[in-house]
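For reference, data_36.cif is printed below; it contains mmCIF, C-alpha atoms, pLDDT in the B column; chains and numbers go by the auth columns.
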```cif
data_protein
#
loop_
_atom_site.group_PDB
_atom_site.id
_atom_site.type_symbol
_atom_site.label_atom_id
_atom_site.label_comp_id
_atom_site.label_asym_id
_atom_site.label_seq_id
_atom_site.Cartn_x
_atom_site.Cartn_y
_atom_site.Cartn_z
_atom_site.B_iso_or_equiv
_atom_site.auth_seq_id
_atom_site.auth_asym_id
ATOM 1 C CA MET A 1 -23.903 10.823 -10.889 50.00 240 A
ATOM 2 C CA PHE A 2 -20.166 10.150 -10.907 63.00 241 A
ATOM 3 C CA SER A 3 -18.662 8.206 -13.761 84.00 242 A
ATOM 4 C CA ASP A 4 -16.336 5.270 -13.121 89.00 243 A
ATOM 5 C CA THR A 5 -13.367 7.529 -13.858 93.00 244 A
ATOM 6 C CA TYR A 6 -14.283 10.051 -11.166 94.00 245 A
ATOM 7 C CA ARG A 7 -15.060 7.239 -8.730 95.00 246 A
ATOM 8 C CA LYS A 8 -11.674 5.592 -9.334 95.00 247 A
ATOM 9 C CA ILE A 9 -9.842 8.902 -8.868 95.00 248 A
ATOM 10 C CA ALA A 10 -11.703 9.457 -5.599 95.00 249 A
ATOM 11 C CA LEU A 11 -10.870 5.981 -4.280 95.00 250 A
ATOM 12 C CA ASP A 12 -7.233 6.353 -5.287 95.00 251 A
ATOM 13 C CA GLY A 13 -6.830 9.725 -3.605 95.00 252 A
ATOM 14 C CA LEU A 14 -8.679 8.890 -0.417 96.00 253 A
ATOM 15 C CA TRP A 15 -7.556 5.300 0.072 95.00 254 A
ATOM 16 C CA ASN A 16 -5.986 3.065 -2.583 94.00 255 A
ATOM 17 C CA ASN A 17 -3.201 5.449 -3.661 94.00 256 A
ATOM 18 C CA ASN A 18 -3.179 7.713 -0.611 95.00 257 A
ATOM 19 C CA ILE A 19 -0.198 10.077 -0.503 94.00 258 A
ATOM 20 C CA VAL A 20 0.942 8.778 2.889 94.00 259 A
ATOM 21 C CA PHE A 21 -0.387 5.236 3.221 93.00 260 A
ATOM 22 C CA SER A 22 0.433 4.046 -0.295 91.00 261 A
ATOM 23 C CA GLN A 23 2.994 6.469 -1.750 89.00 262 A
ATOM 24 C CA ASN A 24 4.865 7.107 1.535 88.00 263 A
ATOM 25 C CA LEU A 25 5.395 10.761 0.613 90.00 264 A
ATOM 26 C CA ALA A 26 5.252 14.002 2.625 89.00 265 A
ATOM 27 C CA LEU A 27 6.363 12.244 5.808 89.00 266 A
ATOM 28 C CA CYS A 28 8.466 15.183 7.029 86.00 267 A
ATOM 29 C CA PRO A 29 5.589 17.670 7.525 85.00 268 A
ATOM 30 C CA LEU A 30 3.310 14.800 8.516 89.00 269 A
ATOM 31 C CA LEU A 31 5.430 13.865 11.519 88.00 270 A
ATOM 32 C CA ALA A 32 6.535 17.400 12.367 88.00 271 A
ATOM 33 C CA VAL A 33 3.210 19.232 12.595 90.00 272 A
ATOM 34 C CA THR A 34 0.793 16.550 13.783 93.00 273 A
ATOM 35 C CA GLY A 35 1.308 17.059 17.490 92.00 274 A
ATOM 36 C CA THR A 36 -2.351 18.083 17.572 93.00 275 A
ATOM 37 C CA ALA A 37 -5.328 17.549 15.278 95.00 276 A
ATOM 38 C CA THR A 38 -5.645 21.320 14.876 94.00 277 A
ATOM 39 C CA ASN A 39 -2.144 21.632 13.448 93.00 278 A
ATOM 40 C CA GLY A 40 -2.780 18.686 11.146 94.00 279 A
ATOM 41 C CA LEU A 41 -6.002 20.240 9.866 95.00 280 A
ATOM 42 C CA GLY A 42 -4.318 23.583 9.212 93.00 281 A
ATOM 43 C CA MET A 43 -1.417 22.015 7.327 94.00 282 A
ATOM 44 C CA GLY A 44 -3.783 19.766 5.409 95.00 283 A
ATOM 45 C CA LEU A 45 -5.974 22.639 4.257 95.00 284 A
ATOM 46 C CA ALA A 46 -2.928 24.623 3.115 95.00 285 A
ATOM 47 C CA THR A 47 -1.638 21.643 1.122 96.00 286 A
ATOM 48 C CA LEU A 48 -5.130 20.973 -0.248 96.00 287 A
ATOM 49 C CA ALA A 49 -5.391 24.510 -1.615 96.00 288 A
ATOM 50 C CA VAL A 50 -1.983 24.275 -3.313 97.00 289 A
ATOM 51 C CA ILE A 51 -2.497 20.855 -4.900 97.00 290 A
ATOM 52 C CA ILE A 52 -5.927 21.770 -6.305 97.00 291 A
ATOM 53 C CA ALA A 53 -4.658 25.069 -7.742 97.00 292 A
ATOM 54 C CA SER A 54 -1.446 23.565 -9.146 97.00 293 A
ATOM 55 C CA ASN A 55 -3.250 20.634 -10.766 97.00 294 A
ATOM 56 C CA GLY A 56 -5.800 22.943 -12.350 97.00 295 A
ATOM 57 C CA LEU A 57 -3.294 25.474 -13.673 97.00 296 A
ATOM 58 C CA ILE A 58 -0.894 22.832 -14.996 97.00 297 A
ATOM 59 C CA SER A 59 -3.714 21.023 -16.768 97.00 298 A
ATOM 60 C CA LEU A 60 -4.976 24.291 -18.221 96.00 299 A
ATOM 61 C CA ALA A 61 -1.520 25.176 -19.593 95.00 300 A
ATOM 62 C CA ARG A 62 -0.379 21.654 -20.459 94.00 301 A
ATOM 63 C CA HIS A 63 -0.324 22.323 -24.212 94.00 302 A
ATOM 64 C CA LEU A 64 1.725 25.501 -23.741 95.00 303 A
ATOM 65 C CA ILE A 65 4.466 24.059 -21.523 94.00 304 A
ATOM 66 C CA PRO A 66 7.500 22.763 -23.466 94.00 305 A
ATOM 67 C CA ASN A 67 8.138 19.140 -22.601 93.00 306 A
ATOM 68 C CA GLU A 68 11.888 19.691 -22.148 94.00 307 A
ATOM 69 C CA ILE A 69 11.480 22.206 -19.295 95.00 308 A
ATOM 70 C CA ARG A 70 8.193 21.045 -17.808 95.00 309 A
ATOM 71 C CA ILE A 71 9.635 20.040 -14.410 95.00 310 A
ATOM 72 C CA PRO A 72 11.211 23.461 -13.636 95.00 311 A
ATOM 73 C CA ILE A 73 7.976 25.141 -14.726 96.00 312 A
ATOM 74 C CA PHE A 74 5.925 22.864 -12.461 96.00 313 A
ATOM 75 C CA VAL A 75 8.210 23.648 -9.519 95.00 314 A
ATOM 76 C CA LEU A 76 8.040 27.396 -10.139 96.00 315 A
ATOM 77 C CA LEU A 77 4.257 27.306 -10.395 96.00 316 A
ATOM 78 C CA ILE A 78 3.926 25.297 -7.177 96.00 317 A
ATOM 79 C CA ALA A 79 6.376 27.659 -5.435 96.00 318 A
ATOM 80 C CA ALA A 80 4.322 30.680 -6.500 96.00 319 A
ATOM 81 C CA LEU A 81 1.132 29.101 -5.150 97.00 320 A
ATOM 82 C CA VAL A 82 2.814 28.147 -1.864 96.00 321 A
ATOM 83 C CA THR A 83 4.082 31.715 -1.477 95.00 322 A
ATOM 84 C CA LEU A 84 0.544 32.999 -1.971 96.00 323 A
ATOM 85 C CA VAL A 85 -0.851 30.556 0.608 95.00 324 A
ATOM 86 C CA ASP A 86 1.964 31.482 3.007 95.00 325 A
ATOM 87 C CA ILE A 87 1.124 35.189 2.722 95.00 326 A
ATOM 88 C CA LEU A 88 -2.610 34.597 3.159 94.00 327 A
ATOM 89 C CA MET A 89 -2.088 32.422 6.230 93.00 328 A
ATOM 90 C CA ASN A 90 0.217 35.027 7.731 94.00 329 A
ATOM 91 C CA ALA A 91 -2.469 37.647 7.191 93.00 330 A
ATOM 92 C CA TYR A 92 -5.632 35.761 8.159 91.00 331 A
ATOM 93 C CA ALA A 93 -4.479 32.843 10.353 90.00 332 A
ATOM 94 C CA HIS A 94 -1.396 34.300 11.987 91.00 333 A
ATOM 95 C CA GLU A 95 -1.422 32.122 15.114 91.00 334 A
ATOM 96 C CA LEU A 96 -1.577 28.957 13.017 90.00 335 A
ATOM 97 C CA TYR A 97 1.072 30.420 10.715 92.00 336 A
ATOM 98 C CA LYS A 98 3.408 30.835 13.695 92.00 337 A
ATOM 99 C CA VAL A 99 2.835 27.231 14.778 89.00 338 A
ATOM 100 C CA LEU A 100 3.386 25.689 11.349 90.00 339 A
ATOM 101 C CA GLY A 101 6.246 28.044 10.547 84.00 340 A
ATOM 102 C CA LEU A 102 8.736 26.815 7.969 85.00 341 A
ATOM 103 C CA PHE A 103 6.658 23.781 7.057 89.00 342 A
ATOM 104 C CA ILE A 104 4.247 25.922 5.046 92.00 343 A
ATOM 105 C CA ALA A 105 7.066 27.007 2.741 90.00 344 A
ATOM 106 C CA LEU A 106 8.307 23.427 2.564 88.00 345 A
ATOM 107 C CA ILE A 107 5.084 22.428 0.784 92.00 346 A
ATOM 108 C CA VAL A 108 7.102 23.332 -2.318 90.00 347 A
ATOM 109 C CA THR A 109 9.335 20.312 -1.689 86.00 348 A
ATOM 110 C CA ASN A 110 6.384 17.950 -1.206 88.00 349 A
ATOM 111 C CA CYS A 111 7.036 15.280 -3.819 89.00 350 A
ATOM 112 C CA ALA A 112 3.345 14.419 -3.955 91.00 351 A
ATOM 113 C CA LEU A 113 2.460 17.753 -5.577 94.00 352 A
ATOM 114 C CA LEU A 114 5.127 17.475 -8.248 93.00 353 A
ATOM 115 C CA GLY A 115 4.237 13.821 -8.733 92.00 354 A
ATOM 116 C CA ARG A 116 0.563 14.564 -9.391 94.00 355 A
ATOM 117 C CA ALA A 117 1.520 17.401 -11.722 95.00 356 A
ATOM 118 C CA GLU A 118 3.807 15.145 -13.765 94.00 357 A
ATOM 119 C CA ALA A 119 1.828 11.902 -13.659 93.00 358 A
ATOM 120 C CA PHE A 120 -1.722 13.230 -13.918 95.00 359 A
ATOM 121 C CA ALA A 121 -2.430 16.953 -14.298 96.00 360 A
ATOM 122 C CA SER A 122 -0.103 17.468 -17.270 95.00 361 A
ATOM 123 C CA LYS A 123 -1.891 14.704 -19.190 94.00 362 A
ATOM 124 C CA GLN A 124 -5.562 15.175 -18.258 95.00 363 A
ATOM 125 C CA PRO A 125 -8.391 17.715 -18.794 95.00 364 A
ATOM 126 C CA VAL A 126 -8.908 20.443 -16.217 96.00 365 A
ATOM 127 C CA LYS A 127 -11.963 18.879 -14.551 95.00 366 A
ATOM 128 C CA LEU A 128 -10.210 15.577 -13.946 96.00 367 A
ATOM 129 C CA ALA A 129 -7.063 17.347 -12.755 97.00 368 A
ATOM 130 C CA LEU A 130 -9.031 19.451 -10.264 97.00 369 A
ATOM 131 C CA TRP A 131 -10.896 16.378 -9.030 97.00 370 A
ATOM 132 C CA ASP A 132 -7.626 14.483 -8.621 97.00 371 A
ATOM 133 C CA GLY A 133 -6.137 17.395 -6.668 96.00 372 A
ATOM 134 C CA LEU A 134 -9.197 17.559 -4.421 97.00 373 A
ATOM 135 C CA MET A 135 -9.187 13.833 -3.671 97.00 374 A
ATOM 136 C CA MET A 136 -5.423 13.596 -3.136 96.00 375 A
ATOM 137 C CA GLY A 137 -5.539 16.682 -0.923 96.00 376 A
ATOM 138 C CA LEU A 138 -8.452 15.370 1.121 97.00 377 A
ATOM 139 C CA GLY A 139 -6.734 12.012 1.520 96.00 378 A
ATOM 140 C CA PHE A 140 -3.581 13.720 2.783 96.00 379 A
ATOM 141 C CA THR A 141 -5.566 16.027 5.074 96.00 380 A
ATOM 142 C CA GLY A 142 -7.450 13.066 6.484 96.00 381 A
ATOM 143 C CA VAL A 143 -4.212 11.312 7.448 96.00 382 A
ATOM 144 C CA LEU A 144 -2.827 14.521 8.989 96.00 383 A
ATOM 145 C CA VAL A 145 -5.947 14.993 11.099 96.00 384 A
ATOM 146 C CA ALA A 146 -6.165 11.310 12.067 96.00 385 A
ATOM 147 C CA LEU A 147 -2.519 11.149 13.123 96.00 386 A
ATOM 148 C CA GLY A 148 -2.760 14.475 14.938 96.00 387 A
ATOM 149 C CA ALA A 149 -5.921 13.327 16.712 96.00 388 A
ATOM 150 C CA VAL A 150 -4.522 10.052 18.046 96.00 389 A
ATOM 151 C CA ARG A 151 -1.269 11.724 19.091 96.00 390 A
ATOM 152 C CA GLU A 152 -3.096 14.577 20.813 96.00 391 A
ATOM 153 C CA ILE A 153 -5.432 12.253 22.691 96.00 392 A
ATOM 154 C CA ALA A 154 -2.535 10.022 23.757 95.00 393 A
ATOM 155 C CA ALA A 155 -0.336 12.970 24.722 95.00 394 A
ATOM 156 C CA ASN A 156 -2.806 15.366 26.358 94.00 395 A
ATOM 157 C CA GLY A 157 -6.240 13.766 26.474 95.00 396 A
ATOM 158 C CA THR A 158 -7.686 16.573 24.324 95.00 397 A
ATOM 159 C CA LEU A 159 -8.889 16.903 20.743 95.00 398 A
ATOM 160 C CA PHE A 160 -8.555 19.984 18.520 95.00 399 A
ATOM 161 C CA ALA A 161 -7.097 21.992 21.397 92.00 400 A
ATOM 162 C CA HIS A 162 -6.851 25.748 20.726 90.00 401 A
ATOM 163 C CA ALA A 163 -8.739 25.381 17.438 93.00 402 A
ATOM 164 C CA SER A 164 -10.515 28.694 18.058 91.00 403 A
ATOM 165 C CA VAL A 165 -7.169 30.467 18.503 88.00 404 A
ATOM 166 C CA LEU A 166 -5.376 28.908 15.550 87.00 405 A
ATOM 167 C CA LEU A 167 -8.207 28.569 13.034 87.00 406 A
ATOM 168 C CA GLY A 168 -10.729 31.183 14.194 85.00 407 A
ATOM 169 C CA GLU A 169 -13.694 31.475 16.537 87.00 408 A
ATOM 170 C CA SER A 170 -15.922 29.486 14.180 88.00 409 A
ATOM 171 C CA PHE A 171 -13.893 26.364 15.014 89.00 410 A
ATOM 172 C CA THR A 172 -14.591 26.537 18.757 92.00 411 A
ATOM 173 C CA PHE A 173 -17.083 23.644 18.477 92.00 412 A
ATOM 174 C CA LEU A 174 -14.208 21.271 17.641 92.00 413 A
ATOM 175 C CA GLU A 175 -12.447 21.712 20.985 94.00 414 A
ATOM 176 C CA MET A 176 -13.060 18.941 23.484 94.00 415 A
ATOM 177 C CA THR A 177 -11.508 17.108 26.402 94.00 416 A
ATOM 178 C CA VAL A 178 -11.530 13.376 25.684 95.00 417 A
ATOM 179 C CA ILE A 179 -9.846 12.171 28.897 94.00 418 A
ATOM 180 C CA PRO A 180 -10.528 14.458 31.898 92.00 419 A
ATOM 181 C CA HIS A 181 -7.707 14.943 34.431 90.00 420 A
ATOM 182 C CA TYR A 182 -5.268 13.149 32.141 91.00 421 A
ATOM 183 C CA GLN A 183 -1.630 13.428 33.216 89.00 422 A
ATOM 184 C CA GLY A 184 -0.265 13.205 29.697 88.00 423 A
ATOM 185 C CA PHE A 185 2.159 11.008 27.766 92.00 424 A
ATOM 186 C CA LEU A 186 5.022 13.181 26.474 90.00 425 A
ATOM 187 C CA LEU A 187 6.375 10.654 23.965 91.00 426 A
ATOM 188 C CA MET A 188 3.280 11.003 21.774 92.00 427 A
ATOM 189 C CA ALA A 189 3.848 14.750 21.422 90.00 428 A
ATOM 190 C CA LEU A 190 7.423 14.205 20.184 89.00 429 A
ATOM 191 C CA PRO A 191 8.561 13.022 16.705 85.00 430 A
ATOM 192 C CA PRO A 192 9.174 9.411 17.882 89.00 431 A
ATOM 193 C CA GLY A 193 5.533 9.283 18.928 92.00 432 A
ATOM 194 C CA GLY A 194 4.594 10.355 15.428 92.00 433 A
ATOM 195 C CA PHE A 195 6.544 7.450 13.925 92.00 434 A
ATOM 196 C CA ILE A 196 4.905 4.991 16.322 94.00 435 A
ATOM 197 C CA MET A 197 1.352 6.155 15.703 94.00 436 A
ATOM 198 C CA LEU A 198 1.884 6.392 11.935 94.00 437 A
ATOM 199 C CA ALA A 199 3.046 2.768 11.955 94.00 438 A
ATOM 200 C CA PHE A 200 -0.156 1.724 13.735 95.00 439 A
ATOM 201 C CA LEU A 201 -2.279 3.631 11.211 95.00 440 A
ATOM 202 C CA ILE A 202 -0.486 2.040 8.246 94.00 441 A
ATOM 203 C CA VAL A 203 -0.873 -1.420 9.770 95.00 442 A
ATOM 204 C CA GLY A 204 -4.575 -0.749 10.364 95.00 443 A
ATOM 205 C CA LYS A 205 -5.047 0.354 6.768 95.00 444 A
ATOM 206 C CA ARG A 206 -3.340 -2.762 5.423 94.00 445 A
ATOM 207 C CA LEU A 207 -5.373 -5.042 7.673 95.00 446 A
ATOM 208 C CA ILE A 208 -8.557 -3.443 6.339 94.00 447 A
ATOM 209 C CA ASP A 209 -7.320 -3.949 2.773 93.00 448 A
ATOM 210 C CA GLN A 210 -6.587 -7.603 3.482 93.00 449 A
ATOM 211 C CA LYS A 211 -10.054 -8.168 4.933 92.00 450 A
ATOM 212 C CA LEU A 212 -11.688 -6.486 1.953 90.00 451 A
ATOM 213 C CA ALA A 213 -9.614 -8.550 -0.458 89.00 452 A
ATOM 214 C CA ALA A 214 -10.459 -11.759 1.393 86.00 453 A
ATOM 215 C CA LYS A 215 -14.212 -11.310 1.114 77.00 454 A
ATOM 216 C CA PRO A 216 -15.584 -14.281 -0.832 63.00 455 A
ATOM 217 C CA ALA A 217 -16.916 -13.476 -4.251 54.00 456 A
ATOM 218 C CA GLU A 218 -20.577 -13.951 -4.845 48.00 457 A
ATOM 219 C CA VAL A 219 -21.256 -17.550 -5.853 44.00 458 A
ATOM 220 C CA SER A 220 -23.158 -17.766 -9.065 48.00 459 A
ATOM 221 C CA VAL A 221 -25.459 -20.735 -9.553 48.00 460 A
ATOM 222 C CA PRO A 222 -25.183 -22.151 -13.061 52.00 461 A
ATOM 223 C CA VAL A 223 -28.391 -22.572 -14.970 49.00 462 A
ATOM 224 C CA VAL A 224 -28.845 -26.123 -16.199 50.00 463 A
ATOM 225 C CA ALA A 225 -30.961 -26.570 -19.277 50.00 464 A
ATOM 226 C CA VAL A 226 -33.550 -29.291 -18.870 48.00 465 A
ATOM 227 C CA THR A 227 -34.377 -31.299 -21.940 49.00 466 A
ATOM 228 C CA GLU A 228 -37.284 -33.613 -22.231 44.00 467 A
#
```
Structure re-expressed in structure tokens:
Amino acid sequence: MFSDTYRKIALDGLWNNNIVFSQNLALCPLLAVTGTATNGLGMGLATLAVIIASNGLISLARHLIPNEIRIPIFVLLIAALVTLVDILMNAYAHELYKVLGLFIALIVTNCALLGRAEAFASKQPVKLALWDGLMMGLGFTGVLVALGAVREIAANGTLFAHASVLLGESFTFLEMTVIPHYQGFLLMALPPGGFIMLAFLIVGKRLIDQKLAAKPAEVSVPVVAVTE
């Protein structure tokens, strides 16, 4: 059973303090690679691997890192992990690697990773740091996939197109045609379409938050003592 601490970290990463919706970070790769849900999933998984590994390693070495040079050390560690992920994707997911291109290397400049390292991982035990990395990474991946999905459906009428080519044959089950004989809407495949759809997603998230906050609290009935 999760403690309140783990539950709060999960809610923050997935919803309340989501990297995109709440922190407004990592918008460059978000808008650039989410032309399809497949691309969003690939980029999200790469970022997820880096943020989990960086959080864990920084937490593990937090007592050994001098406070005065902690930021350069964090950046170097994240850069090393991104290089490793870049090499592995080139070797085992080459088609996806070609699609994502430079944006894999640019994970190093993702402020969210450095932010979690500085604000959380460098101050918390390894288990909490790993959990925070997992939840933040899943929250970011979820937004990437959601934005890629709505853009892909609006642009081409498909969902997870070419997943078997980019991610491997085991992902063939994801491929589907949502709108048969669809003529397409080019704007949604271009960066302006990404801005438009991201705005709708952010508005939707805030409307949900407002509805949740407006739910009336449970009314408690006071107990009146009866005296004879």
List, as a compact mmCIF listing (two decimals) with C-alpha atoms, in the frame of the given file, every residue that the PyMOL selection byres ((chain A and resi 434-439) around 12) selects in the file provided.
```
# COMPACT_ATOMS: atom_id res chain seq x y z
CA VAL A 259 0.94 8.78 2.89
CA PHE A 260 -0.39 5.24 3.22
CA ASN A 263 4.86 7.11 1.54
CA LEU A 266 6.36 12.24 5.81
CA CYS A 267 8.47 15.18 7.03
CA LEU A 269 3.31 14.80 8.52
CA LEU A 270 5.43 13.86 11.52
CA ALA A 271 6.54 17.40 12.37
CA THR A 273 0.79 16.55 13.78
CA GLY A 274 1.31 17.06 17.49
CA VAL A 382 -4.21 11.31 7.45
CA LEU A 383 -2.83 14.52 8.99
CA VAL A 384 -5.95 14.99 11.10
CA ALA A 385 -6.16 11.31 12.07
CA LEU A 386 -2.52 11.15 13.12
CA GLY A 387 -2.76 14.48 14.94
CA ALA A 388 -5.92 13.33 16.71
CA VAL A 389 -4.52 10.05 18.05
CA ARG A 390 -1.27 11.72 19.09
CA GLU A 391 -3.10 14.58 20.81
CA ILE A 392 -5.43 12.25 22.69
CA ALA A 393 -2.54 10.02 23.76
CA ALA A 394 -0.34 12.97 24.72
CA LEU A 426 6.38 10.65 23.96
CA MET A 427 3.28 11.00 21.77
CA ALA A 428 3.85 14.75 21.42
CA LEU A 429 7.42 14.20 20.18
CA PRO A 430 8.56 13.02 16.70
CA PRO A 431 9.17 9.41 17.88
CA GLY A 432 5.53 9.28 18.93
CA GLY A 433 4.59 10.36 15.43
CA LEU A 440 -2.28 3.63 11.21
CA ILE A 441 -0.49 2.04 8.25
CA VAL A 442 -0.87 -1.42 9.77
CA GLY A 443 -4.58 -0.75 10.36
CA LYS A 444 -5.05 0.35 6.77
CA ARG A 445 -3.34 -2.76 5.42
CA LEU A 446 -5.37 -5.04 7.67
```
Item checked: the PyMOL selection byres ((chain A and resi 404) around 12) applied to the shown file, residues as a list in words ->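 On the file shown, the PyMOL selection byres ((chain A and resi 404) around 12) covers Thr277, Asn278, Gly281, Tyr331, Ala332, His333, Glu334, Leu335, Tyr336, Lys337, Val338, Phe399, Ala400, His401, Ala402, Ser403, Leu405, Leu406, Gly407, Glu408, Ser409, Phe410, Thr411, Leu413 and Glu414 of chain A.
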So which residues get picked by the PyMOL selection byres ((chain A and resi 256) around 12) here, written as a PDB file with C-alpha atoms, in the coordinates of the input?
```
ATOM      1  CA  LYS A 247     -11.674   5.592  -9.334  1.00 95.00           C
ATOM      2  CA  ILE A 248      -9.842   8.902  -8.868  1.00 95.00           C
ATOM      3  CA  ALA A 249     -11.703   9.457  -5.599  1.00 95.00           C
ATOM      4  CA  LEU A 250     -10.870   5.981  -4.280  1.00 95.00           C
ATOM      5  CA  ASP A 251      -7.233   6.353  -5.287  1.00 95.00           C
ATOM      6  CA  GLY A 252      -6.830   9.725  -3.605  1.00 95.00           C
ATOM      7  CA  LEU A 253      -8.679   8.890  -0.417  1.00 96.00           C
ATOM      8  CA  TRP A 254      -7.556   5.300   0.072  1.00 95.00           C
ATOM      9  CA  ASN A 255      -5.986   3.065  -2.583  1.00 94.00           C
ATOM     10  CA  ASN A 257      -3.179   7.713  -0.611  1.00 95.00           C
ATOM     11  CA  ILE A 258      -0.198  10.077  -0.503  1.00 94.00           C
ATOM     12  CA  VAL A 259       0.942   8.778   2.889  1.00 94.00           C
ATOM     13  CA  PHE A 260      -0.387   5.236   3.221  1.00 93.00           C
ATOM     14  CA  SER A 261       0.433   4.046  -0.295  1.00 91.00           C
ATOM     15  CA  GLN A 262       2.994   6.469  -1.750  1.00 89.00           C
ATOM     16  CA  ASN A 263       4.865   7.107   1.535  1.00 88.00           C
ATOM     17  CA  LEU A 264       5.395  10.761   0.613  1.00 90.00           C
ATOM     18  CA  ALA A 351       3.345  14.419  -3.955  1.00 91.00           C
ATOM     19  CA  ARG A 355       0.563  14.564  -9.391  1.00 94.00           C
ATOM     20  CA  ASP A 371      -7.626  14.483  -8.621  1.00 97.00           C
ATOM     21  CA  MET A 374      -9.187  13.833  -3.671  1.00 97.00           C
ATOM     22  CA  MET A 375      -5.423  13.596  -3.136  1.00 96.00           C
ATOM     23  CA  GLY A 376      -5.539  16.682  -0.923  1.00 96.00           C
ATOM     24  CA  GLY A 378      -6.734  12.012   1.520  1.00 96.00           C
ATOM     25  CA  PHE A 379      -3.581  13.720   2.783  1.00 96.00           C
ATOM     26  CA  LYS A 444      -5.047   0.354   6.768  1.00 95.00           C
TER      27      LYS A 444
END
```
Next item on the list: Please indicate the distance in Å from atom CA of A:Leu296 to atom CA of A:Gly381, rounded to one decimal place.
Entry: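 Rounded to one decimal, the two atoms are 24.0 Å apart.
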Note to self: Can you pull out the residues contacting A:Ile310? Cut-off 12 Å, using only C-alpha atoms, and skip same-chain residues under 5 positions away; I want them as a list in words.
What the structure shows: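 Listed by chain and then number, they are Ile297, Arg301, Ile304, Pro305, Leu315, Leu316, Ile317, Cys350, Leu352, Leu353, Gly354, Arg355, Ala356, Glu357, Ala358 and Ser361 of chain A.
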Item checked: d(atom CA of A:Leu323, atom CA of A:Ala300) in Å -> 19.4 Å
Note to self: My list of candidates is A:Glu307, A:Asp448, A:Asp243, A:Asp325. Which is closest to A:Leu345 when distances are computed with all atoms listed in the file?
What the structure shows: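 Once distances to A:Leu345 are computed over all atoms listed in the file, the minimum belongs to A:Asp325.
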Next item on the list: May I ask for the distance between atom CA of A:Arg309 and atom CA of A:Gly283, given in Å to one decimal place?
Entry: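 Computing the Euclidean distance for atom CA of A:Arg309 and atom CA of A:Gly283 yields 26.2 Å.
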Checklist line | Selected residue of minimal separation from A:Phe424 among A:Lys454, A:Leu341, A:Leu327, A:Thr397, counting only C-alpha atoms | finding: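 Using only C-alpha atoms, A:Phe424 sits closest to A:Thr397.
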Listed atoms of stretch 417-425 of chain A, axis-aligned box, 6 Å per side: centre and edge lengths to one decimal in Å, as lines of an AutoDock Vina configuration file?
```
center_x = -3.3
center_y = 13.0
center_z = 30.1
size_x = 28.6
size_y = 15.9
size_z = 20.7
```
Filled-in N, CA and C atoms of stretch 316-327 of chain A, supplied as a PDB file, in the frame of the given file:
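Output below, filename selection.pdb:
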```
ATOM      1  N   LEU A 316       5.685  27.058 -10.582  1.00 96.00           N
ATOM      2  CA  LEU A 316       4.257  27.306 -10.395  1.00 96.00           C
ATOM      3  C   LEU A 316       3.825  26.913  -8.984  1.00 96.00           C
ATOM      4  N   ILE A 317       4.263  25.740  -8.533  1.00 96.00           N
ATOM      5  CA  ILE A 317       3.926  25.297  -7.177  1.00 96.00           C
ATOM      6  C   ILE A 317       4.510  26.256  -6.139  1.00 96.00           C
ATOM      7  N   ALA A 318       5.744  26.716  -6.367  1.00 96.00           N
ATOM      8  CA  ALA A 318       6.376  27.659  -5.435  1.00 96.00           C
ATOM      9  C   ALA A 318       5.605  28.972  -5.357  1.00 96.00           C
ATOM     10  N   ALA A 319       5.106  29.447  -6.498  1.00 96.00           N
ATOM     11  CA  ALA A 319       4.322  30.680  -6.500  1.00 96.00           C
ATOM     12  C   ALA A 319       3.027  30.510  -5.707  1.00 96.00           C
ATOM     13  N   LEU A 320       2.379  29.367  -5.879  1.00 97.00           N
ATOM     14  CA  LEU A 320       1.132  29.101  -5.150  1.00 97.00           C
ATOM     15  C   LEU A 320       1.387  28.958  -3.649  1.00 97.00           C
ATOM     16  N   VAL A 321       2.472  28.294  -3.284  1.00 96.00           N
ATOM     17  CA  VAL A 321       2.814  28.147  -1.864  1.00 96.00           C
ATOM     18  C   VAL A 321       3.109  29.504  -1.244  1.00 96.00           C
ATOM     19  N   THR A 322       3.807  30.357  -1.978  1.00 95.00           N
ATOM     20  CA  THR A 322       4.082  31.715  -1.477  1.00 95.00           C
ATOM     21  C   THR A 322       2.788  32.473  -1.228  1.00 95.00           C
ATOM     22  N   LEU A 323       1.833  32.337  -2.141  1.00 96.00           N
ATOM     23  CA  LEU A 323       0.544  32.999  -1.971  1.00 96.00           C
ATOM     24  C   LEU A 323      -0.187  32.471  -0.738  1.00 96.00           C
ATOM     25  N   VAL A 324      -0.207  31.148  -0.571  1.00 95.00           N
ATOM     26  CA  VAL A 324      -0.851  30.556   0.608  1.00 95.00           C
ATOM     27  C   VAL A 324      -0.143  30.997   1.883  1.00 95.00           C
ATOM     28  N   ASP A 325       1.172  31.050   1.850  1.00 95.00           N
ATOM     29  CA  ASP A 325       1.964  31.482   3.007  1.00 95.00           C
ATOM     30  C   ASP A 325       1.595  32.906   3.412  1.00 95.00           C
ATOM     31  N   ILE A 326       1.481  33.795   2.443  1.00 95.00           N
ATOM     32  CA  ILE A 326       1.124  35.189   2.722  1.00 95.00           C
ATOM     33  C   ILE A 326      -0.286  35.299   3.283  1.00 95.00           C
ATOM     34  N   LEU A 327      -1.225  34.551   2.695  1.00 94.00           N
ATOM     35  CA  LEU A 327      -2.610  34.597   3.159  1.00 94.00           C
ATOM     36  C   LEU A 327      -2.750  34.042   4.570  1.00 94.00           C
TER      37      LEU A 327
END
```
